[in-house]
Each structure stands twice: as structure tokens, then as C-alpha cells.
file model_35.cif (mmCIF, C-alpha atoms)
data_entry
loop_
_atom_site.label_atom_id
_atom_site.label_comp_id
_atom_site.auth_asym_id
_atom_site.auth_seq_id
_atom_site.Cartn_x
_atom_site.Cartn_y
_atom_site.Cartn_z
CA MET A 22 2.91 -12.77 -44.69
CA LYS A 23 4.50 -11.43 -41.53
CA LYS A 24 4.37 -7.99 -39.94
CA THR A 25 6.16 -6.52 -36.98
CA VAL A 26 4.63 -3.85 -34.77
CA ASN A 27 6.66 -1.76 -32.39
CA ALA A 28 4.44 -0.69 -29.49
CA LEU A 29 7.21 -0.12 -26.96
CA GLY A 30 6.37 2.85 -24.78
CA ASP A 31 2.70 2.65 -25.73
CA THR A 32 -0.07 2.08 -23.26
CA CYS A 33 -3.48 0.59 -23.87
CA PRO A 34 -5.29 0.90 -26.22
CA ILE A 35 -2.43 1.90 -28.59
CA PRO A 36 -0.77 -1.58 -28.83
CA VAL A 37 -4.17 -3.11 -29.61
CA VAL A 38 -4.92 -0.43 -32.23
CA LYS A 39 -1.51 -0.83 -33.91
CA THR A 40 -1.79 -4.62 -33.92
CA LYS A 41 -5.30 -4.48 -35.29
CA ASN A 42 -4.13 -2.26 -38.15
CA ALA A 43 -1.28 -4.66 -38.92
CA ILE A 44 -3.72 -7.58 -38.96
CA LYS A 45 -5.88 -5.67 -41.44
CA GLU A 46 -2.86 -5.01 -43.63
CA LEU A 47 -2.17 -8.74 -43.81
CA GLU A 48 -5.31 -9.04 -45.94
CA GLY A 49 -5.51 -12.71 -45.16
CA PRO A 50 -3.63 -15.33 -43.19
CA GLY A 51 -0.32 -14.32 -41.65
CA VAL A 52 1.59 -13.47 -38.52
CA VAL A 53 1.85 -10.21 -36.57
CA GLU A 54 4.58 -9.81 -33.99
CA THR A 55 3.99 -6.97 -31.56
CA LEU A 56 6.63 -5.66 -29.18
CA VAL A 57 5.34 -4.13 -25.96
CA ASP A 58 6.96 -3.08 -22.71
CA ASN A 59 4.35 -4.04 -20.16
CA GLU A 60 2.46 -7.05 -18.94
CA ILE A 61 -0.94 -5.32 -19.21
CA SER A 62 -0.46 -4.88 -22.97
CA VAL A 63 0.47 -8.57 -23.29
CA GLN A 64 -2.75 -9.49 -21.52
CA ASN A 65 -4.81 -7.13 -23.69
CA LEU A 66 -3.34 -8.44 -26.92
CA THR A 67 -3.81 -12.04 -25.77
CA LYS A 68 -7.44 -11.44 -24.86
CA MET A 69 -8.10 -9.69 -28.15
CA ALA A 70 -6.52 -12.58 -30.09
CA ASN A 71 -8.50 -15.16 -28.12
CA GLN A 72 -11.72 -13.27 -28.75
CA LYS A 73 -11.05 -13.28 -32.48
CA GLY A 74 -9.92 -16.88 -32.60
CA TYR A 75 -6.36 -16.02 -33.65
CA GLY A 76 -3.43 -18.07 -32.47
CA VAL A 77 -1.41 -16.22 -29.88
CA LYS A 78 1.75 -16.72 -27.90
CA SER A 79 3.82 -14.32 -25.89
CA GLU A 80 7.29 -14.33 -24.46
CA LYS A 81 9.45 -12.04 -22.42
CA ILE A 82 12.44 -11.27 -24.60
CA ALA A 83 14.23 -8.88 -22.26
CA ASP A 84 13.61 -6.85 -19.13
CA GLY A 85 10.57 -4.73 -19.88
CA GLN A 86 10.21 -6.19 -23.39
CA TYR A 87 7.61 -8.69 -24.45
CA GLN A 88 6.82 -10.12 -27.85
CA VAL A 89 3.29 -11.15 -28.64
CA THR A 90 2.93 -13.28 -31.75
CA ILE A 91 -0.50 -13.43 -33.29
CA THR A 92 -1.24 -15.94 -36.03
CA VAL A 93 -4.19 -15.16 -38.25
CA GLY A 94 -5.59 -18.21 -40.00
CA ASP A 95 -7.80 -18.62 -43.05
CA ALA A 96 -10.97 -18.96 -41.09
CA ALA A 97 -10.34 -15.97 -38.86
CA ASP A 98 -12.64 -12.95 -38.82
CA THR A 99 -11.46 -9.68 -40.21
CA ALA A 100 -9.89 -7.30 -37.73
CA ASP A 101 -12.55 -4.68 -38.41
CA ASP A 102 -14.82 -5.46 -35.55
CA ILE A 103 -12.18 -5.62 -32.85
CA PRO A 104 -13.03 -2.93 -30.32
CA ASP A 105 -10.18 -0.55 -29.47
CA GLU A 106 -10.67 -1.07 -25.81
CA CYS A 107 -8.57 -1.91 -22.82
CA LEU A 108 -9.88 -5.30 -21.85
CA VAL A 109 -7.56 -5.41 -18.90
CA PRO A 110 -7.85 -2.08 -17.12
CA VAL A 111 -4.64 -0.12 -16.83
CA ASN A 112 -3.23 0.35 -13.35
CA ARG A 113 -6.22 -1.12 -11.68
CA LYS A 114 -5.48 -0.60 -8.04
CA LYS A 115 -5.72 -3.63 -5.83
CA LYS A 116 -8.33 -3.09 -3.18
CA ILE A 117 -6.56 -3.59 0.12
CA VAL A 118 -8.56 -3.64 3.32
CA VAL A 119 -6.90 -3.72 6.72
CA ALA A 120 -8.88 -5.31 9.55
CA VAL A 121 -7.72 -4.20 12.98
CA THR A 122 -9.32 -6.62 15.39
CA SER A 123 -7.53 -5.80 18.59
CA ASP A 124 -5.60 -2.98 20.25
CA THR A 125 -2.47 -5.11 20.10
CA MET A 126 -0.56 -6.75 17.25
CA GLY A 127 0.19 -10.41 17.59
CA SER A 128 0.07 -12.29 20.84
CA GLY A 129 2.61 -12.89 23.57
CA ASN A 130 2.91 -9.61 25.38
CA ASP A 131 0.27 -6.91 25.29
CA GLU A 132 2.59 -4.02 26.12
CA LEU A 133 4.74 -4.97 23.16
CA GLY A 134 1.62 -5.69 21.09
CA ALA A 135 0.35 -2.15 21.70
CA ILE A 136 3.64 -0.70 20.49
CA LEU A 137 3.60 -2.97 17.46
CA ILE A 138 0.10 -2.00 16.32
CA LYS A 139 1.03 1.67 16.78
CA GLY A 140 4.14 1.05 14.69
CA PHE A 141 2.15 -0.83 12.06
CA LEU A 142 -0.34 2.00 11.61
CA PHE A 143 2.52 4.49 11.32
CA ALA A 144 4.25 2.25 8.77
CA LEU A 145 1.02 2.24 6.74
CA THR A 146 1.31 6.02 6.39
CA GLN A 147 4.73 5.48 4.81
CA GLN A 148 3.59 3.02 2.12
CA ASP A 149 3.32 3.89 -1.55
CA ALA A 150 0.24 1.73 -1.99
CA LEU A 151 -2.32 2.64 0.63
CA PRO A 152 -5.27 0.48 1.64
CA SER A 153 -8.74 1.58 0.53
CA ALA A 154 -10.15 1.07 4.00
CA ILE A 155 -9.14 0.22 7.55
CA LEU A 156 -11.78 -1.49 9.65
CA PHE A 157 -11.64 -1.44 13.44
CA TYR A 158 -13.66 -3.92 15.42
CA ASN A 159 -13.76 -5.56 18.81
CA GLY A 160 -10.66 -4.33 20.74
CA GLY A 161 -9.59 -2.51 17.57
CA ALA A 162 -12.23 0.10 18.40
CA LYS A 163 -9.91 1.40 21.13
CA ILE A 164 -7.50 2.58 18.43
CA THR A 165 -9.84 5.12 16.82
CA THR A 166 -11.00 6.59 20.12
CA GLU A 167 -9.79 9.03 22.76
CA GLY A 168 -6.47 8.16 24.33
CA SER A 169 -5.17 6.25 21.33
CA ALA A 170 -1.68 7.11 20.11
CA SER A 171 -2.62 6.39 16.49
CA ILE A 172 -5.19 9.13 15.89
CA GLU A 173 -2.70 11.37 14.10
CA ASP A 174 -1.64 8.57 11.72
CA LEU A 175 -5.23 7.60 11.01
CA LYS A 176 -6.13 11.21 10.31
CA SER A 177 -3.35 11.54 7.78
CA LEU A 178 -4.41 8.26 6.14
CA GLU A 179 -7.99 9.52 6.03
CA ALA A 180 -6.77 12.74 4.40
CA LEU A 181 -5.11 10.59 1.73
CA GLY A 182 -8.43 8.91 0.94
CA VAL A 183 -8.27 5.85 3.17
CA GLU A 184 -11.65 5.07 4.69
CA ILE A 185 -11.44 4.69 8.47
CA LEU A 186 -14.40 2.76 9.88
CA THR A 187 -15.11 1.59 13.40
CA CYS A 188 -17.72 -0.97 14.39
CA GLY A 189 -20.60 0.76 16.19
CA THR A 190 -21.56 -2.28 18.25
CA CYS A 191 -18.00 -2.43 19.53
CA LEU A 192 -17.87 1.28 20.41
CA ASN A 193 -21.10 0.78 22.32
CA TYR A 194 -19.84 -2.32 24.11
CA TYR A 195 -16.68 -0.58 25.31
CA ASN A 196 -18.61 2.62 26.19
CA LEU A 197 -16.64 4.51 23.58
CA SER A 198 -19.54 5.75 21.42
CA ASP A 199 -18.90 9.41 22.23
CA LYS A 200 -15.12 9.05 22.17
CA LEU A 201 -14.52 8.41 18.46
CA GLN A 202 -11.68 10.64 17.23
CA VAL A 203 -11.26 9.66 13.60
CA GLY A 204 -13.30 8.23 10.74
CA GLY A 205 -16.85 7.00 10.71
CA VAL A 206 -19.00 4.45 12.52
CA THR A 207 -20.05 1.35 10.64
CA ASN A 208 -22.11 -1.80 11.04
CA MET A 209 -21.60 -5.48 10.37
CA TYR A 210 -23.19 -5.31 6.88
CA GLU A 211 -20.66 -2.77 5.71
CA ILE A 212 -17.82 -4.65 7.43
CA ALA A 213 -18.91 -7.86 5.69
CA GLU A 214 -19.20 -5.99 2.37
CA LYS A 215 -15.77 -4.40 2.64
CA LEU A 216 -14.16 -7.70 3.57
CA THR A 217 -15.87 -9.69 0.81
CA GLN A 218 -15.18 -7.10 -1.89
CA ALA A 219 -11.51 -6.67 -1.04
CA ASP A 220 -8.76 -8.16 -3.22
CA LEU A 221 -6.63 -8.47 -0.14
CA VAL A 222 -7.48 -8.36 3.54
CA ILE A 223 -4.66 -7.67 5.95
CA ARG A 224 -5.09 -8.56 9.57
CA PRO A 225 -2.10 -7.24 11.49
CA MET B 2 -1.35 16.38 -0.98
CA ARG B 3 1.29 14.13 0.45
CA GLU B 4 4.28 15.86 1.94
CA SER B 5 7.58 14.54 3.25
CA ARG B 6 10.24 16.25 5.32
CA ASP B 7 13.20 15.50 7.55
CA PHE B 8 12.75 14.27 11.08
CA LEU B 9 15.25 13.40 13.78
CA VAL B 10 15.18 9.68 14.45
CA ILE B 11 16.84 8.19 17.52
CA THR B 12 17.53 4.49 17.31
CA PHE B 13 18.20 1.99 20.10
CA SER B 14 19.90 -1.37 20.21
CA GLN B 15 17.33 -2.88 22.51
CA THR B 16 13.54 -2.82 22.20
CA ALA B 17 13.34 -2.36 25.98
CA ASP B 18 15.49 0.81 25.70
CA ALA B 19 13.15 2.25 23.10
CA MET B 20 10.16 1.50 25.31
CA ALA B 21 11.91 3.09 28.30
CA ALA B 22 12.83 6.11 26.19
CA GLU B 23 9.20 6.54 25.20
CA LYS B 24 8.22 6.74 28.87
CA VAL B 25 11.00 9.20 29.79
CA LEU B 26 10.67 11.48 26.78
CA THR B 27 6.87 11.60 27.08
CA GLN B 28 7.16 12.44 30.80
CA GLN B 29 9.58 15.23 29.92
CA HIS B 30 7.10 16.55 27.34
CA ILE B 31 9.48 16.15 24.45
CA PRO B 32 7.31 16.04 21.37
CA GLY B 33 7.78 12.87 19.41
CA ARG B 34 6.75 9.28 19.21
CA ILE B 35 7.85 5.71 18.82
CA ILE B 36 8.02 4.47 15.24
CA PRO B 37 9.49 1.34 13.68
CA ILE B 38 13.08 2.14 12.61
CA PRO B 39 12.79 3.68 9.12
CA ARG B 40 14.08 1.46 6.32
CA GLN B 41 16.71 4.05 5.42
CA LEU B 42 18.44 3.39 8.75
CA SER B 43 18.14 -0.33 9.22
CA ALA B 44 16.78 -3.36 7.50
CA GLY B 45 16.35 -4.99 10.87
CA CYS B 46 13.38 -4.93 13.15
CA GLY B 47 13.44 -2.35 15.84
CA LEU B 48 11.91 0.71 17.36
CA SER B 49 13.05 4.30 17.26
CA TRP B 50 11.93 7.69 18.49
CA LYS B 51 10.84 10.21 15.89
CA THR B 52 10.98 13.88 16.77
CA GLU B 53 11.94 17.31 15.41
CA ALA B 54 15.57 18.27 14.76
CA GLU B 55 15.54 21.02 17.40
CA GLU B 56 14.73 18.51 20.15
CA LYS B 57 18.07 16.76 19.75
CA GLU B 58 19.99 18.27 22.69
CA LYS B 59 17.07 18.09 25.07
CA ALA B 60 16.27 14.50 24.17
CA ALA B 61 19.91 13.50 24.56
CA ARG B 62 20.08 15.09 28.00
CA CYS B 63 16.88 13.37 29.16
CA LEU B 64 18.03 9.99 27.93
CA GLU B 65 21.46 10.40 29.55
CA ALA B 66 19.87 11.46 32.84
CA ALA B 67 17.68 8.36 32.76
CA GLY B 68 20.63 6.15 31.88
CA ILE B 69 19.09 5.04 28.58
CA ARG B 70 21.58 4.30 25.84
CA TRP B 71 20.68 5.13 22.29
CA HIS B 72 22.37 3.82 19.21
CA GLU B 73 22.17 6.60 16.62
CA MET B 74 20.58 9.97 16.00
CA GLU B 75 19.90 10.54 12.32
CA MET B 76 17.87 12.84 10.11
CA VAL B 77 15.45 10.87 7.96
CA ARG B 78 12.96 12.02 5.35
CA LEU B 79 9.51 10.68 6.15
CA TRP B 80 5.97 11.22 4.96
CA VAL B 81 4.36 13.74 7.29
#
call {"tool": "encode", "arguments": {"input": "model_35.cif", "output": "C-alpha cells"}}
result
Amino acid sequence: MKKTVNALGDTCPIPVVKTKNAIKELEGPGVVETLVDNEISVQNLTKMANQKGYGVKSEKIADGQYQVTITVGDAADTADDIPDECLVPVNRKKKIVVAVTSDTMGSGNDELGAILIKGFLFALTQQDALPSAILFYNGGAKITTEGSASIEDLKSLEALGVEILTCGTCLNYYNLSDKLQVGGVTNMYEIAEKLTQADLVIRP
Amino acid sequence: MRESRDFLVITFSQTADAMAAEKVLTQQHIPGRIIPIPRQLSAGCGLSWKTEAEEKEKAARCLEAAGIRWHEMEMVRLWV
């Protein structure tokens, strides 16, 4: 027996629910073909099938159209106990952390480097996907303190939910402890934690 | 909330001109700042000066007086 499920335009958990119902309706071995329009749904259906021991294959049949084929064998469990959950979270945002380690960007010429880092921080404010945190350490501490041309940009990033953190040891070393203009002061444990828990660390 | 609006963006052919313009315009207290050329204007790498529309004449006069050549002056919508 073969069933086709149209889950185009549906987001998790709907494709899983519809597919599960179709599997139930098979009342035994058979094939369910589910059409979905996003990669996340493909992953969810694949994980669900793997969990249940069904055969599964998926292919992209057009732009924004995927077909997931699930083969239910004799020995397979019933679909009853499949949880209607999103195994792969929808729109999970990648955790991006930017580490600013100097008051210049790149090496070669420091006057140019200062302009580049200023430009980079401005360009961050123009991105659709913002980092979760920006860490400033060593010479980077000069960028969050008095006299920096990036304060305004960092304040608008902070207002959009980006954590701005400057290394306290570094502020102290450069005598900038009372000159911080934006964000909070942090320590090496938090810096290490942010860096290790990030999906992506960007060092401009 | 994120808000975008139009800004005047002055572009330059040479990085050195943009850096010189930053010095002159800052000395003349023209509000504004150096930003990388917005994508809408150029796919290339370069610097530009971002300011308010009403600063156009004044900025042009200052740059002319200092002998700094600019490439274009355009209005561009940017995140505030």
C-alpha cells in the first residue's frame, strides 16, 4: 500500500503529524511519500523514521520541494507512539560570537586597521543575522571605551540584544576601568564560556 | 525596534581620499562618519562618508576647498 502526504507550506510538527497519520492508515507494511517545502521538515521526518526503524530516503524534487519516502516494513512498530515533536528545532539561531582582540582589523597599517575595525562594527549593525555577543579583549578594550568611534554602533547593537562584553583585566591594564562607555565588564571564565559555547566565532 | 531611514552617502574612488575627507569634515564639525560603501552603491571594497541629507552643500564645499575629490553623493537607506 502506498500513501501520499502533502505537507507543503506546513511547519513542524504538522508534517510529522500528517505522516504519522498516513502510516497508521497503512495498517501494515507500505510506503508513505511526504512532500515538504523545507529542509528542517526533511530532517524531522528522517529522524522520526530512523527512531521507528522505518526505511527512509529523501530527495529534492524542485526548488523548495522535497519528497521524503518512508517505507514501513512488517516488523516495524505502530505509529502510535511517535511523539508529535520537532526533533530538529525550527529556526534555531546559530550562536555567533565576535571576538575583537585589537583596536585594528588585520595587520599591515594601523591607521587603516583602525578604520577597518570601525567599518566592520558598523557593517555588523547592518546585518540581518546579528551575533549573540561581541567580546573585547586586549587592545579590543579600547573600542568600548572613551574616545572610540564605535560606541554609537555598539550601543545600537546592544539595544538589539547583542551582548557587549569587555575584559576587565584588559581595562585595568590599559587604565580604562572608569572609561567604559558601552556594555558590561567580564572575566576570562565568561570569555572562555562564550567562545566554547558559540557555533561560530568571528575574529575580525 | 529596528529602524531604517535614508542617509546621504558620499563615495570616493581612493581610500586615501575617504580618509582625508574624514579628517576635513570632522574638523569642520560636519556630523557624519566613515562607513564601508553600502552594498546598494558598490559591490567593491571602499570607504564612504555617511551623513544627513541637509549636510550635502556644506560637505561639498568643504571637500572642494580641501581639494578632495569625491565620486558620488547618493541617498541610501540604512539601519539607524
call {"tool": "interface_residues", "arguments": {"input": "model_35.cif", "of": "chain B", "to": "chain A", "cutoff": "10 Å", "atoms": "only C-alpha atoms", "output": "list in words"}}
result
Met2, Arg3, Ser5, Thr16, Ala17, Met20, Arg34, Ile35, Ile36, Pro37, Ile38, Pro39, Gly47, Leu48, Ser49, Leu79, Trp80 and Val81 of chain B
call {"tool": "atom_distance", "arguments": {"input": "model_35.cif", "atom1": "CA of Val183 in chain A", "atom2": "CA of Glu214 in chain A"}}
result
16.1 Å
call {"tool": "residues_near_point", "arguments": {"input": "model_35.cif", "point": "(18.7, 6.0, 18.8)", "cutoff": "9 Å", "atoms": "only C-alpha atoms", "output": "list in words"}}
result
Val10, Ile11, Thr12, Phe13, Ser14, Ala19, Leu48, Ser49, Trp50, Arg70, Trp71, His72, Glu73, Met74 and Glu75 of chain B
call {"tool": "residues_around", "arguments": {"input": "model_35.cif", "residues": "Thr55 in chain A", "least_positions_apart": "3", "cutoff": "9 Å", "atoms": "only C-alpha atoms", "output": "VMD selection string"}}
result
chain A and resid 24 to 29 36 39 to 40 66 87 to 91
call {"tool": "closest_residue", "arguments": {"input": "model_35.cif", "among": "A:Ala120, A:Cys33, A:Val63, A:Val93", "to": "Leu47 in chain A", "atoms": "only C-alpha atoms"}}
result
A:Val93
call {"tool": "residues_around", "arguments": {"input": "model_35.cif", "residues": "Leu26 in chain B", "least_positions_apart": "5", "cutoff": "12 Å", "atoms": "all atoms listed in the file", "output": "PyMOL selection string"}}
result
chain B and resi 11+18-21+31-35+50-52+56-57+59-67+69
call {"tool": "resolve_selection", "arguments": {"input": "model_35.cif", "expression": "the PyMOL selection byres ((chain A and resi 155) around 7)", "output": "PDB file with C-alpha atoms, in the coordinates of the input"}}
result
ATOM      1  CA  VAL A 118      -8.560  -3.640   3.320  1.00  0.00           C
ATOM      2  CA  VAL A 119      -6.900  -3.720   6.720  1.00  0.00           C
ATOM      3  CA  ALA A 120      -8.880  -5.310   9.550  1.00  0.00           C
ATOM      4  CA  ALA A 154     -10.150   1.070   4.000  1.00  0.00           C
ATOM      5  CA  LEU A 156     -11.780  -1.490   9.650  1.00  0.00           C
ATOM      6  CA  PHE A 157     -11.640  -1.440  13.440  1.00  0.00           C
ATOM      7  CA  GLU A 184     -11.650   5.070   4.690  1.00  0.00           C
ATOM      8  CA  ILE A 185     -11.440   4.690   8.470  1.00  0.00           C
ATOM      9  CA  LEU A 186     -14.400   2.760   9.880  1.00  0.00           C
TER      10      LEU A 186
END
call {"tool": "closest_residue", "arguments": {"input": "model_35.cif", "among": "B:Glu55, B:His30, B:Arg40, B:Lys24", "to": "Arg78 in chain B", "atoms": "all atoms listed in the file"}}
result
B:Arg40
call {"tool": "residues_around", "arguments": {"input": "model_35.cif", "residues": "Gly168 in chain A", "least_positions_apart": "5", "cutoff": "12 Å", "atoms": "all atoms listed in the file", "output": "JSON, numbers by chain"}}
result
{"A": [124, 162, 163, 173, 197, 200, 201, 202, 203]}
call {"tool": "write_last_selection", "arguments": {"input": "model_35.cif", "atoms": "C-alpha atoms", "output": "PDB file, in the coordinates of the input"}}
result
ATOM      1  CA  ASP A 124      -5.600  -2.980  20.250  1.00  0.00           C
ATOM      2  CA  ALA A 162     -12.230   0.100  18.400  1.00  0.00           C
ATOM      3  CA  LYS A 163      -9.910   1.400  21.130  1.00  0.00           C
ATOM      4  CA  GLU A 173      -2.700  11.370  14.100  1.00  0.00           C
ATOM      5  CA  LEU A 197     -16.640   4.510  23.580  1.00  0.00           C
ATOM      6  CA  LYS A 200     -15.120   9.050  22.170  1.00  0.00           C
ATOM      7  CA  LEU A 201     -14.520   8.410  18.460  1.00  0.00           C
ATOM      8  CA  GLN A 202     -11.680  10.640  17.230  1.00  0.00           C
ATOM      9  CA  VAL A 203     -11.260   9.660  13.600  1.00  0.00           C
TER      10      VAL A 203
END
call {"tool": "atom_distance", "arguments": {"input": "model_35.cif", "atom1": "CA of Ile117 in chain A", "atom2": "CA of Gly182 in chain A"}}
result
12.7 Å
call {"tool": "atom_distance", "arguments": {"input": "model_35.cif", "atom1": "CA of Asp58 in chain A", "atom2": "CA of Asn42 in chain A"}}
result
19.0 Å
